[in-house]
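Asks: Following this line is protein.cif, made up of mmCIF, C-alpha atoms, pLDDT in the B column; chains and numbers go by the auth columns:
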```cif
data_entry
loop_
_atom_site.group_PDB
_atom_site.id
_atom_site.type_symbol
_atom_site.label_atom_id
_atom_site.label_comp_id
_atom_site.label_asym_id
_atom_site.label_seq_id
_atom_site.Cartn_x
_atom_site.Cartn_y
_atom_site.Cartn_z
_atom_site.B_iso_or_equiv
_atom_site.auth_seq_id
_atom_site.auth_asym_id
ATOM 1 C CA MET A 1 0.000 0.000 0.000 72.00 83 Q
ATOM 2 C CA GLN A 2 2.855 2.355 0.892 74.00 84 Q
ATOM 3 C CA ARG A 3 4.536 1.603 -2.438 75.00 85 Q
ATOM 4 C CA LEU A 4 1.349 2.475 -4.292 70.00 86 Q
ATOM 5 C CA VAL A 5 1.021 5.827 -2.486 69.00 87 Q
ATOM 6 C CA LEU A 6 4.715 6.535 -3.019 70.00 88 Q
ATOM 7 C CA ALA A 7 4.449 5.677 -6.744 71.00 89 Q
ATOM 8 C CA LEU A 8 1.370 7.907 -7.061 72.00 90 Q
ATOM 9 C CA LEU A 9 3.136 10.840 -5.386 70.00 91 Q
ATOM 10 C CA LEU A 10 6.192 10.316 -7.574 70.00 92 Q
ATOM 11 C CA GLY A 11 3.960 10.308 -10.675 71.00 93 Q
ATOM 12 C CA ILE A 12 2.271 13.547 -9.617 76.00 94 Q
ATOM 13 C CA CYS A 13 5.640 15.195 -8.958 66.00 95 Q
ATOM 14 C CA LEU A 14 6.947 14.133 -12.374 67.00 96 Q
ATOM 15 C CA ALA A 15 3.787 15.433 -14.068 68.00 97 Q
ATOM 16 C CA LEU A 16 4.138 18.810 -12.308 63.00 98 Q
ATOM 17 C CA LEU A 17 7.794 18.997 -13.250 62.00 99 Q
ATOM 18 C CA ALA A 18 6.988 18.237 -16.901 62.00 100 Q
ATOM 19 C CA TRP A 19 4.260 20.907 -16.860 57.00 101 Q
ATOM 20 C CA GLN A 20 6.736 23.488 -15.498 59.00 102 Q
ATOM 21 C CA VAL A 21 9.328 22.635 -18.130 51.00 103 Q
ATOM 22 C CA HIS A 22 6.779 22.615 -20.992 49.00 104 Q
ATOM 23 C CA PRO A 23 3.748 24.673 -19.897 49.00 105 Q
ATOM 24 C CA PRO A 24 0.613 24.263 -21.995 52.00 106 Q
ATOM 25 C CA THR A 25 0.529 26.534 -25.035 52.00 107 Q
ATOM 26 C CA ALA A 26 -2.135 29.166 -25.581 57.00 108 Q
ATOM 27 C CA LEU A 27 -5.030 27.624 -27.455 75.00 109 Q
ATOM 28 C CA ALA A 28 -6.437 29.552 -30.405 72.00 110 Q
ATOM 29 C CA ALA A 29 -10.126 30.401 -30.562 80.00 111 Q
ATOM 30 C CA ASP A 30 -12.102 31.424 -33.643 87.00 112 Q
ATOM 31 C CA LEU A 31 -14.840 33.982 -32.964 90.00 113 Q
ATOM 32 C CA GLN A 32 -17.906 34.986 -34.963 91.00 114 Q
ATOM 33 C CA VAL A 33 -17.990 38.470 -36.494 93.00 115 Q
ATOM 34 C CA GLY A 34 -21.043 40.309 -37.808 93.00 116 Q
ATOM 35 C CA GLU A 35 -22.601 43.695 -38.562 93.00 117 Q
ATOM 36 C CA VAL A 36 -19.390 44.827 -40.272 94.00 118 Q
ATOM 37 C CA THR A 37 -19.180 48.312 -41.812 93.00 119 Q
ATOM 38 C CA LEU A 38 -16.321 50.346 -43.271 92.00 120 Q
ATOM 39 C CA GLU A 39 -16.670 54.118 -43.125 91.00 121 Q
ATOM 40 C CA PRO A 40 -14.373 57.159 -43.131 89.00 122 Q
ATOM 41 C CA CYS A 41 -12.996 58.057 -39.704 84.00 123 Q
ATOM 42 C CA PRO A 42 -14.929 60.883 -38.022 78.00 124 Q
ATOM 43 C CA SER A 43 -13.380 64.307 -38.693 73.00 125 Q
ATOM 44 C CA GLU A 44 -12.661 64.757 -34.960 72.00 126 Q
ATOM 45 C CA ASP A 45 -10.619 61.521 -34.932 65.00 127 Q
ATOM 46 C CA PRO A 46 -6.884 62.314 -34.588 60.00 128 Q
ATOM 47 C CA ALA A 47 -6.010 59.799 -37.342 58.00 129 Q
ATOM 48 C CA SER A 48 -8.302 61.431 -39.919 54.00 130 Q
ATOM 49 C CA GLN A 49 -5.854 64.370 -40.252 55.00 131 Q
ATOM 50 C CA PRO A 50 -8.562 67.024 -40.743 51.00 132 Q
ATOM 51 C CA GLY A 51 -5.936 69.753 -41.342 54.00 133 Q
ATOM 52 C CA LEU A 52 -4.947 68.295 -44.705 53.00 134 Q
ATOM 53 C CA LYS A 53 -6.794 69.675 -47.742 50.00 135 Q
ATOM 54 C CA ARG A 54 -6.311 66.395 -49.633 52.00 136 Q
ATOM 55 C CA PRO A 55 -5.114 62.975 -48.525 51.00 137 Q
ATOM 56 C CA ALA A 56 -1.345 62.618 -48.431 61.00 138 Q
ATOM 57 C CA GLY A 57 -0.893 58.965 -49.287 74.00 139 Q
ATOM 58 C CA ALA A 58 -3.618 57.381 -47.155 79.00 140 Q
ATOM 59 C CA SER A 59 -7.087 58.008 -45.808 84.00 141 Q
ATOM 60 C CA CYS A 60 -8.355 56.885 -42.414 86.00 142 Q
ATOM 61 C CA TYR A 61 -11.263 54.419 -42.357 89.00 143 Q
ATOM 62 C CA ALA A 62 -12.961 52.744 -39.401 91.00 144 Q
ATOM 63 C CA LEU A 63 -13.876 49.076 -39.662 93.00 145 Q
ATOM 64 C CA ARG A 64 -16.672 48.457 -37.145 93.00 146 Q
ATOM 65 C CA GLY A 65 -18.558 45.353 -36.194 95.00 147 Q
ATOM 66 C CA VAL A 66 -19.649 42.971 -33.476 95.00 148 Q
ATOM 67 C CA VAL A 67 -17.602 40.008 -32.301 95.00 149 Q
ATOM 68 C CA ILE A 68 -19.197 37.105 -30.432 93.00 150 Q
ATOM 69 C CA ASN A 69 -17.275 35.052 -27.883 92.00 151 Q
ATOM 70 C CA PRO A 70 -19.449 31.986 -27.154 91.00 152 Q
ATOM 71 C CA GLY A 71 -17.107 30.746 -24.407 87.00 153 Q
ATOM 72 C CA ARG A 72 -17.140 31.394 -20.682 89.00 154 Q
ATOM 73 C CA ARG A 73 -13.654 32.913 -20.569 89.00 155 Q
ATOM 74 C CA PRO A 74 -12.197 36.004 -22.255 90.00 156 Q
ATOM 75 C CA VAL A 75 -10.275 35.517 -25.497 89.00 157 Q
ATOM 76 C CA VAL A 76 -7.081 37.598 -25.501 87.00 158 Q
ATOM 77 C CA ASP A 77 -4.845 39.160 -28.155 85.00 159 Q
ATOM 78 C CA THR A 78 -7.620 38.874 -30.739 90.00 160 Q
ATOM 79 C CA ASP A 79 -6.798 39.681 -34.372 91.00 161 Q
ATOM 80 C CA VAL A 80 -9.342 40.559 -37.063 94.00 162 Q
ATOM 81 C CA PHE A 81 -8.929 39.324 -40.631 94.00 163 Q
ATOM 82 C CA ALA A 82 -10.874 40.592 -43.648 94.00 164 Q
ATOM 83 C CA LEU A 83 -10.804 40.934 -47.406 95.00 165 Q
ATOM 84 C CA ILE A 84 -11.554 44.523 -48.452 94.00 166 Q
ATOM 85 C CA LEU A 85 -12.214 45.172 -52.133 94.00 167 Q
ATOM 86 C CA ASP A 86 -12.475 48.490 -53.996 92.00 168 Q
ATOM 87 C CA ALA A 87 -15.082 49.385 -56.635 92.00 169 Q
ATOM 88 C CA SER A 88 -13.217 47.406 -59.321 92.00 170 Q
ATOM 89 C CA GLY A 89 -12.934 44.286 -57.172 92.00 171 Q
ATOM 90 C CA GLU A 90 -9.228 44.736 -56.402 92.00 172 Q
ATOM 91 C CA PRO A 91 -7.922 44.231 -52.843 93.00 173 Q
ATOM 92 C CA VAL A 92 -7.511 47.513 -50.961 90.00 174 Q
ATOM 93 C CA LEU A 93 -4.798 46.011 -48.741 88.00 175 Q
ATOM 94 C CA PRO A 94 -2.982 43.573 -51.057 86.00 176 Q
ATOM 95 C CA ASN A 95 -1.043 40.714 -49.464 84.00 177 Q
ATOM 96 C CA ARG A 96 -2.597 41.498 -46.098 84.00 178 Q
ATOM 97 C CA SER A 97 -5.560 39.683 -44.583 89.00 179 Q
ATOM 98 C CA ARG A 98 -4.935 40.712 -40.948 91.00 180 Q
ATOM 99 C CA VAL A 99 -6.456 44.166 -40.600 92.00 181 Q
ATOM 100 C CA GLY A 100 -5.745 44.747 -36.914 90.00 182 Q
ATOM 101 C CA SER A 101 -6.045 43.698 -33.303 88.00 183 Q
ATOM 102 C CA ILE A 102 -9.024 44.265 -31.016 89.00 184 Q
ATOM 103 C CA GLY A 103 -7.290 43.036 -27.859 86.00 185 Q
ATOM 104 C CA ASP A 104 -9.304 41.077 -25.316 88.00 186 Q
ATOM 105 C CA VAL A 105 -12.869 39.928 -25.999 92.00 187 Q
ATOM 106 C CA PRO A 106 -15.059 39.093 -22.984 93.00 188 Q
ATOM 107 C CA PRO A 107 -17.690 36.353 -23.182 93.00 189 Q
ATOM 108 C CA GLY A 108 -20.788 37.393 -25.121 93.00 190 Q
ATOM 109 C CA SER A 109 -21.244 40.016 -27.806 94.00 191 Q
ATOM 110 C CA SER A 110 -18.891 43.035 -28.040 93.00 192 Q
ATOM 111 C CA ALA A 111 -18.691 45.958 -30.445 94.00 193 Q
ATOM 112 C CA PHE A 112 -15.276 46.708 -31.935 92.00 194 Q
ATOM 113 C CA ALA A 113 -13.692 49.340 -34.150 91.00 195 Q
ATOM 114 C CA LEU A 114 -10.346 49.378 -35.966 90.00 196 Q
ATOM 115 C CA ARG A 115 -8.620 52.135 -37.897 90.00 197 Q
ATOM 116 C CA LEU A 116 -7.349 51.286 -41.367 89.00 198 Q
ATOM 117 C CA ALA A 117 -5.068 53.341 -43.586 87.00 199 Q
ATOM 118 C CA VAL A 118 -6.520 53.022 -47.100 88.00 200 Q
ATOM 119 C CA PRO A 119 -4.286 54.275 -49.945 87.00 201 Q
ATOM 120 C CA ALA A 120 -5.442 57.683 -51.203 83.00 202 Q
ATOM 121 C CA GLY A 121 -7.292 57.574 -54.494 84.00 203 Q
ATOM 122 C CA THR A 122 -8.601 54.049 -53.976 88.00 204 Q
ATOM 123 C CA PRO A 123 -11.980 53.997 -55.731 88.00 205 Q
ATOM 124 C CA GLY A 124 -14.969 53.283 -53.508 84.00 206 Q
ATOM 125 C CA PRO A 125 -17.405 52.080 -52.521 91.00 207 Q
ATOM 126 C CA PHE A 126 -15.632 49.331 -50.621 93.00 208 Q
ATOM 127 C CA ARG A 127 -16.858 45.780 -50.020 94.00 209 Q
ATOM 128 C CA VAL A 128 -15.809 43.892 -46.929 94.00 210 Q
ATOM 129 C CA GLY A 129 -15.887 40.090 -46.874 92.00 211 Q
ATOM 130 C CA LYS A 130 -14.384 36.992 -45.284 92.00 212 Q
ATOM 131 C CA VAL A 131 -14.301 38.726 -41.895 93.00 213 Q
ATOM 132 C CA ARG A 132 -13.173 36.573 -38.996 93.00 214 Q
ATOM 133 C CA ALA A 133 -11.528 37.010 -35.611 93.00 215 Q
ATOM 134 C CA ARG A 134 -9.072 34.763 -33.846 91.00 216 Q
ATOM 135 C CA GLY A 135 -7.700 35.053 -30.340 88.00 217 Q
ATOM 136 C CA PHE A 136 -6.007 32.972 -27.672 83.00 218 Q
ATOM 137 C CA SER A 137 -6.669 31.551 -24.222 73.00 219 Q
ATOM 138 C CA SER A 138 -3.696 33.459 -22.750 66.00 220 Q
ATOM 139 C CA PRO A 139 -1.527 36.415 -23.851 69.00 221 Q
ATOM 140 C CA VAL A 140 0.791 35.761 -26.781 63.00 222 Q
ATOM 141 C CA ARG A 141 2.320 39.232 -27.214 59.00 223 Q
ATOM 142 C CA SER A 142 3.614 41.952 -24.921 59.00 224 Q
ATOM 143 C CA ARG A 143 1.146 44.673 -24.026 53.00 225 Q
ATOM 144 C CA ALA A 144 1.597 48.441 -24.174 54.00 226 Q
ATOM 145 C CA GLY A 145 1.477 50.164 -20.814 56.00 227 Q
ATOM 146 C CA ASP A 146 -0.706 53.128 -19.923 57.00 228 Q
ATOM 147 C CA ASP A 147 2.299 55.466 -20.123 57.00 229 Q
ATOM 148 C CA ASP A 148 3.483 54.248 -23.536 50.00 230 Q
ATOM 149 C CA GLU A 149 3.180 56.790 -26.329 53.00 231 Q
ATOM 150 C CA LYS A 150 0.997 55.670 -29.230 48.00 232 Q
ATOM 151 C CA LEU A 151 0.569 56.809 -32.808 47.00 233 Q
ATOM 152 C CA PRO A 152 -2.904 58.121 -33.810 49.00 234 Q
ATOM 153 C CA LEU A 153 -3.697 54.869 -35.642 48.00 235 Q
ATOM 154 C CA GLU A 154 -2.817 52.898 -32.477 50.00 236 Q
ATOM 155 C CA GLU A 155 -5.071 54.862 -30.117 57.00 237 Q
ATOM 156 C CA ALA A 156 -8.441 53.433 -29.182 59.00 238 Q
ATOM 157 C CA ILE A 157 -11.345 54.365 -31.434 61.00 239 Q
ATOM 158 C CA PRO A 158 -14.900 54.423 -30.042 60.00 240 Q
ATOM 159 C CA ALA A 159 -16.684 51.197 -31.014 58.00 241 Q
ATOM 160 C CA GLY A 160 -20.168 52.614 -31.155 58.00 242 Q
#
```
Would you write the structure of this file as structure tokens?
Replies:
Amino acid sequence: MQRLVLALLLGICLALLAWQVHPPTALAADLQVGEVTLEPCPSEDPASQPGLKRPAGASCYALRGVVINPGRRPVVDTDVFALILDASGEPVLPNRSRVGSIGDVPPGSSAFALRLAVPAGTPGPFRVGKVRARGFSSPVRSRAGDDDEKLPLEEAIPAG
């Protein structure tokens, strides 16, 4: 009986040691995305550069939508992927399906908004398709602190 208890304790210790050496990896989670719109950034938005008379290389657009996390735990470091086409059916952001990060997504339905820099002169109207979001069960990238300086495109944009 003592040998059985000793073997069981040894097994538990070895399992804990193996878990410490190779902790479980962050599991990816695919989330549902809906109600997606693409519209010019509001003129009061710092990234819209209202002082410029004409766009200087890029125009600011806001991609808005709703993301649904059906799980019971938050999904972190969530990226949004989409295919955005111009009026002629050409990709607005060629060779790029990841359009941005929306950070952490709590369980349930959440509104999101991302800024996109669309090349100036790209003919609209735009069509948005193949939108999806993917996050993780634990952080996979370092996070900016409250005191870190951010560019206008990196600052939070109101979701609603």
Asks: What would the selection look like, as a PyMOL selection string, if the PyMOL selection byres ((chain Q and resi 166) around 6) were run on the coordinates I just shared?
Replies: chain Q and resi 165+167+173-174+209-210
Asks: Between CA of Pro189 (chain Q) and CA of Val157 (chain Q), what is the distance in Å, rounded to a tenth?
Replies: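 Going from CA of Pro189 (chain Q) over to CA of Val157 (chain Q), I get 7.8 Å.
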Asks: Care to translate the PyMOL selection byres ((chain Q and resi 119) around 12) into actual residues of this file, as a PyMOL selection string?
Replies: chain Q and resi 115-118+120-123+143-148+164+166+193-197+207-211+213+241-242
Asks: Taking 5 positions as the minimum chain separation for residues in the same chain, which residues sit within 8 Å of Arg214 (chain Q) when counting all atoms listed in the file? Answer as a list of chain:residue names.
Replies: Q:Asp112, Q:Leu113, Q:Gln114, Q:Val115, Q:Val162, Q:Phe163, Q:Ala164
Asks: Go ahead and compute the interatomic distance for CA of Val181 (chain Q) and CA of Arg154 (chain Q), in Å to one decimal.
Replies: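 Computing it gives 26.0 Å between the two atoms.
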Asks: Just checking: using only C-alpha atoms, which residue out of Q:Ser125, Q:Gln84, Q:Ser183, Q:Ser141 ends up closest to Gly203 (chain Q)?
Replies: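 Looking only at the distances to Gly203 (chain Q), the closest residue turns out to be Q:Ser141.
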Asks: Can you pull out the residues contacting Leu109 (chain Q)? Cut-off 10 Å, using all atoms listed in the file, and skip same-chain residues under 4 positions away; I want them as a count of residues only.
Replies: 5
Asks: Evaluate the PyMOL selection byres ((chain Q and resi 169) around 6) and record the selected residues as a list of chain:residue names, following the chain and residue labels used in the document.
Replies: Q:Asp168, Q:Ser170, Q:Gly171, Q:Pro205, Q:Gly206, Q:Pro207
Asks: Figure out the distance between CA of Leu198 (chain Q) and CA of Asn177 (chain Q), please, to one decimal in Å.
Replies: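 Atom-to-atom, CA of Asn177 (chain Q) to CA of Leu198 (chain Q), that is 14.7 Å.
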Asks: Let me make sure I understand: among Q:Lys212, Q:Val200, Q:Ala111, Q:Gly93, which one has the smallest atom-to-atom distance to Gly153 (chain Q) if we use only C-alpha atoms?
Replies: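 For Gly153 (chain Q), the nearest of the candidates is Q:Ala111.
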Asks: So which one's closest to Pro156 (chain Q), Q:Arg180, Q:Ala140, Q:Gly190, Q:Leu175? Using all atoms listed in the file, please.
Replies: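 Closest to Pro156 (chain Q), using all atoms listed in the file: Q:Gly190.
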Asks: Rank Q:Thr160, Q:Leu92, Q:Pro201, Q:Ser191 by their smallest atom-to-atom distance to Pro176 (chain Q), using only C-alpha atoms, and report the top residue only.
Replies: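 Of Q:Thr160, Q:Leu92, Q:Pro201, Q:Ser191, the one nearest Pro176 (chain Q) is Q:Pro201, counting only C-alpha atoms.
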Asks: Nearest to Ala215 (chain Q) among Q:Ile94, Q:Cys142, Q:Ser179, Q:Leu86, with distances taken over only C-alpha atoms: which residue is it?
Replies: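 Between Q:Ile94, Q:Cys142, Q:Ser179, Q:Leu86, the residue approaching Ala215 (chain Q) most closely is Q:Ser179.
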